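A.B. asks: Dropping in model-v1.txt, which is compact mmCIF, C-alpha atoms:
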```
# COMPACT_ATOMS: atom_id res chain seq x y z
CA MET A 260 10.85 159.81 -1.06
CA GLU A 261 13.30 162.69 -0.74
CA LYS A 262 16.92 161.64 -0.35
CA VAL A 263 19.33 163.73 1.75
CA LEU A 264 22.95 163.45 2.87
CA LEU A 265 23.51 164.09 6.57
CA ASP A 266 26.87 165.76 7.25
CA THR A 267 29.10 165.07 10.25
CA ASP A 268 27.89 168.04 12.29
CA VAL A 269 24.26 166.92 11.98
CA LEU A 270 25.05 163.46 13.35
CA MET A 271 27.28 164.90 16.07
CA ASP A 272 24.49 167.28 17.14
CA PHE A 273 22.29 164.21 17.51
CA PHE A 274 24.79 162.03 19.39
CA PHE A 275 26.09 164.78 21.68
CA ASP A 276 22.69 166.44 22.15
CA ARG A 277 24.25 169.79 21.25
CA LYS A 278 21.75 172.55 21.98
CA PRO A 279 19.92 174.08 20.16
CA PHE A 280 20.85 172.00 17.10
CA ALA A 281 20.02 168.54 18.49
CA ARG A 282 16.34 169.34 18.19
CA TYR A 283 16.63 169.50 14.40
CA SER A 284 19.01 166.58 13.96
CA THR A 285 16.74 164.41 16.10
CA LYS A 286 13.75 165.36 13.94
CA LEU A 287 15.73 164.41 10.84
CA ILE A 288 16.73 161.03 12.28
CA ASN A 289 13.09 160.44 13.25
CA LEU A 290 11.91 161.30 9.72
CA CYS A 291 14.42 158.76 8.41
CA ALA A 292 13.21 156.14 10.89
CA GLU A 293 9.60 156.83 9.86
CA ARG A 294 10.64 156.48 6.18
CA GLN A 295 9.39 159.99 5.37
CA ILE A 296 12.84 160.86 4.00
CA GLN A 297 15.80 158.67 3.06
CA GLY A 298 18.92 159.71 4.92
CA TYR A 299 22.43 158.92 3.73
CA THR A 300 25.89 159.48 5.06
CA THR A 301 29.39 158.56 3.89
CA PRO A 302 32.08 156.21 5.22
CA VAL A 303 34.17 159.30 6.06
CA ILE A 304 31.36 160.76 8.14
CA ILE A 305 30.93 157.47 10.01
CA SER A 306 34.67 157.45 10.68
CA ASN A 307 34.52 161.03 11.97
CA VAL A 308 31.57 160.23 14.21
CA TYR A 309 33.36 157.18 15.61
CA TYR A 310 36.54 159.18 16.24
CA LEU A 311 34.72 162.01 18.02
CA LEU A 312 32.53 159.70 20.10
CA ARG A 313 35.57 157.61 21.05
CA LYS A 314 36.84 160.53 23.09
CA VAL A 315 33.91 160.14 25.49
CA ALA A 316 32.70 156.54 25.20
CA LYS A 317 33.91 152.96 24.93
CA HIS A 318 34.43 151.25 21.58
CA ASN A 319 31.66 148.66 22.00
CA ILE A 320 29.07 151.30 22.96
CA ILE A 321 29.96 153.46 19.96
CA VAL A 322 29.84 150.48 17.61
CA GLU A 323 26.34 149.62 18.84
CA LYS A 324 25.14 153.22 18.44
CA ILE A 325 26.51 153.38 14.89
CA LYS A 326 24.92 150.02 14.05
CA GLN A 327 21.59 151.35 15.33
CA LEU A 328 21.99 154.48 13.22
CA LEU A 329 22.69 152.34 10.15
CA THR A 330 19.35 150.60 10.54
CA ILE A 331 17.81 154.03 9.86
CA ILE A 332 20.13 155.63 7.29
CA ASP A 333 22.22 154.31 4.41
CA ILE A 334 25.80 154.88 3.32
CA VAL A 335 26.72 156.16 -0.13
CA LYS A 336 29.70 154.66 -1.85
CA MET A 337 32.98 156.46 -2.22
CA ASP A 338 35.20 155.34 -5.04
CA LYS A 339 38.04 156.57 -7.20
CA ASN A 340 35.70 158.79 -9.23
CA VAL A 341 34.49 160.51 -6.07
CA VAL A 342 38.05 161.07 -4.85
CA LEU A 343 39.22 162.39 -8.22
CA SER A 344 36.21 164.70 -8.49
CA ALA A 345 36.97 166.02 -5.01
CA LEU A 346 40.66 166.50 -5.81
CA ASN A 347 39.85 168.30 -9.05
CA SER A 348 37.15 170.51 -7.54
CA GLU A 349 37.29 174.08 -6.34
CA PHE A 350 36.26 173.04 -2.83
CA LYS A 351 38.62 174.42 -0.20
CA ASP A 352 37.84 171.57 2.23
CA PHE A 353 38.71 168.13 0.79
CA GLU A 354 36.50 166.24 3.23
CA ASP A 355 33.46 168.33 2.27
CA ALA A 356 34.30 167.79 -1.39
CA LEU A 357 34.25 164.03 -0.76
CA GLN A 358 30.79 164.30 0.84
CA ASN A 359 29.54 166.45 -2.03
CA PHE A 360 30.77 164.24 -4.86
CA SER A 361 29.66 161.01 -3.18
CA ALA A 362 26.15 162.50 -2.99
CA ILE A 363 26.32 163.59 -6.63
CA GLU A 364 27.58 160.20 -7.79
CA ASN A 365 24.69 158.54 -5.95
CA GLY A 366 22.47 160.27 -8.50
CA GLN A 367 19.37 160.51 -6.30
CA ILE A 368 20.54 162.77 -3.48
CA LYS A 369 19.70 166.40 -4.21
CA ILE A 370 20.23 167.92 -0.75
CA ILE A 371 23.10 168.00 1.73
CA LEU A 372 22.08 168.88 5.27
CA THR A 373 24.82 170.60 7.22
CA ARG A 374 25.43 173.57 9.48
CA ASN A 375 28.63 174.19 7.52
CA LEU A 376 27.07 176.03 4.57
CA LYS A 377 30.13 178.08 3.59
CA ASP A 378 32.29 175.06 2.73
CA PHE A 379 29.68 173.81 0.25
CA LYS A 380 29.44 177.06 -1.77
CA LYS A 381 30.80 175.28 -4.86
CA SER A 382 28.20 172.50 -4.73
CA GLU A 383 25.59 172.02 -7.43
CA LEU A 384 23.32 170.39 -4.84
CA ALA A 385 20.96 172.20 -2.49
CA ILE A 386 22.82 172.89 0.77
CA LEU A 387 20.56 173.53 3.74
CA THR A 388 20.79 173.60 7.49
CA PRO A 389 18.60 171.02 9.22
CA GLU A 390 16.52 173.86 10.66
CA THR A 391 15.88 175.46 7.24
CA TYR A 392 15.10 172.09 5.68
CA LEU A 393 12.61 171.15 8.39
CA LYS A 394 10.90 174.54 8.27
CA GLY A 395 10.43 174.01 4.53
CA LYS A 396 8.74 170.70 5.32
CA ASN A 397 6.70 172.30 8.13
CA ASN A 398 8.54 170.15 10.68
CA GLY A 399 10.63 172.95 12.19
```
Would it be possible to restate this file's structure as structure tokens?
C.D. replies:
Amino acid sequence: MEKVLLDTDVLMDFFFDRKPFARYSTKLINLCAERQIQGYTTPVIISNVYYLLRKVAKHNIIVEKIKQLLTIIDIVKMDKNVVLSALNSEFKDFEDALQNFSAIENGQIKIILTRNLKDFKKSELAILTPETYLKGKNNG
């Protein structure tokens, strides 16, 4: 099963139903739920999602939505090695570096799905938009 890291913008497109991107993020979440792909995210991304959702919803509702999401996708670990790799990298955005190196350290994730392609230019992983990824799988 293909393993992919879902970046913050992908999850936010899903939760906020941001058009036209929600269509693709919803398909990705559904593929994860159907166990056709294995989706991952990071603790930082979960924190970002919580923070952004908190601006429009109550704590207990957000917690339930995140718990539901975590029945479908997994979280990669972030440790000192990930942080040091991010700090020592040529990434201009530290947060994106953390996502990248947590995916690399996982060892099985080969693709990061994001709409923020430019900040992952230094990645050794495949960086694709959800739309491009799904079209490659004939699910676009």
A.B. asks: Provide the atom CA of Leu372 of chain A to atom CA of Val263 of chain A distance in Å, to one decimal place.
C.D. replies: 6.8 Å
A.B. asks: Taking (30.4, 154.7, 12.0) in the file's own coordinates, collect the residues within 9 Å, counting all atoms listed in the file, and hand them back as a ChimeraX atom specification.
C.D. replies: /A:302-310,321-322,324-326,328-329
A.B. asks: In the coordinate frame of the file, compute which residues have an atom within 12 Å of (35.9, 171.8, -9.1) when using all atoms listed in the file, and state them as a CSV table (one decimal) with C-alpha atoms, in the frame of the given file.
C.D. replies:
```csv
chain,number,residue,atom,x,y,z
A,341,VAL,CA,34.5,160.5,-6.1
A,342,VAL,CA,38.0,161.1,-4.8
A,343,LEU,CA,39.2,162.4,-8.2
A,344,SER,CA,36.2,164.7,-8.5
A,345,ALA,CA,37.0,166.0,-5.0
A,346,LEU,CA,40.7,166.5,-5.8
A,347,ASN,CA,39.8,168.3,-9.0
A,348,SER,CA,37.2,170.5,-7.5
A,349,GLU,CA,37.3,174.1,-6.3
A,350,PHE,CA,36.3,173.0,-2.8
A,351,LYS,CA,38.6,174.4,-0.2
A,352,ASP,CA,37.8,171.6,2.2
A,353,PHE,CA,38.7,168.1,0.8
A,356,ALA,CA,34.3,167.8,-1.4
A,357,LEU,CA,34.2,164.0,-0.8
A,359,ASN,CA,29.5,166.4,-2.0
A,360,PHE,CA,30.8,164.2,-4.9
A,379,PHE,CA,29.7,173.8,0.2
A,380,LYS,CA,29.4,177.1,-1.8
A,381,LYS,CA,30.8,175.3,-4.9
A,382,SER,CA,28.2,172.5,-4.7
A,383,GLU,CA,25.6,172.0,-7.4
```
A.B. asks: Would you mind reading off the distance between atom CA of Lys278 of chain A and atom CA of Ile334 of chain A, one decimal, in Å?
C.D. replies: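 Distance reported for this atom pair: 26.0 Å.
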A.B. asks: What's the separation between atom CA of Ala281 of chain A and atom CA of Val269 of chain A, in Å to one decimal place?
C.D. replies: 7.9 Å
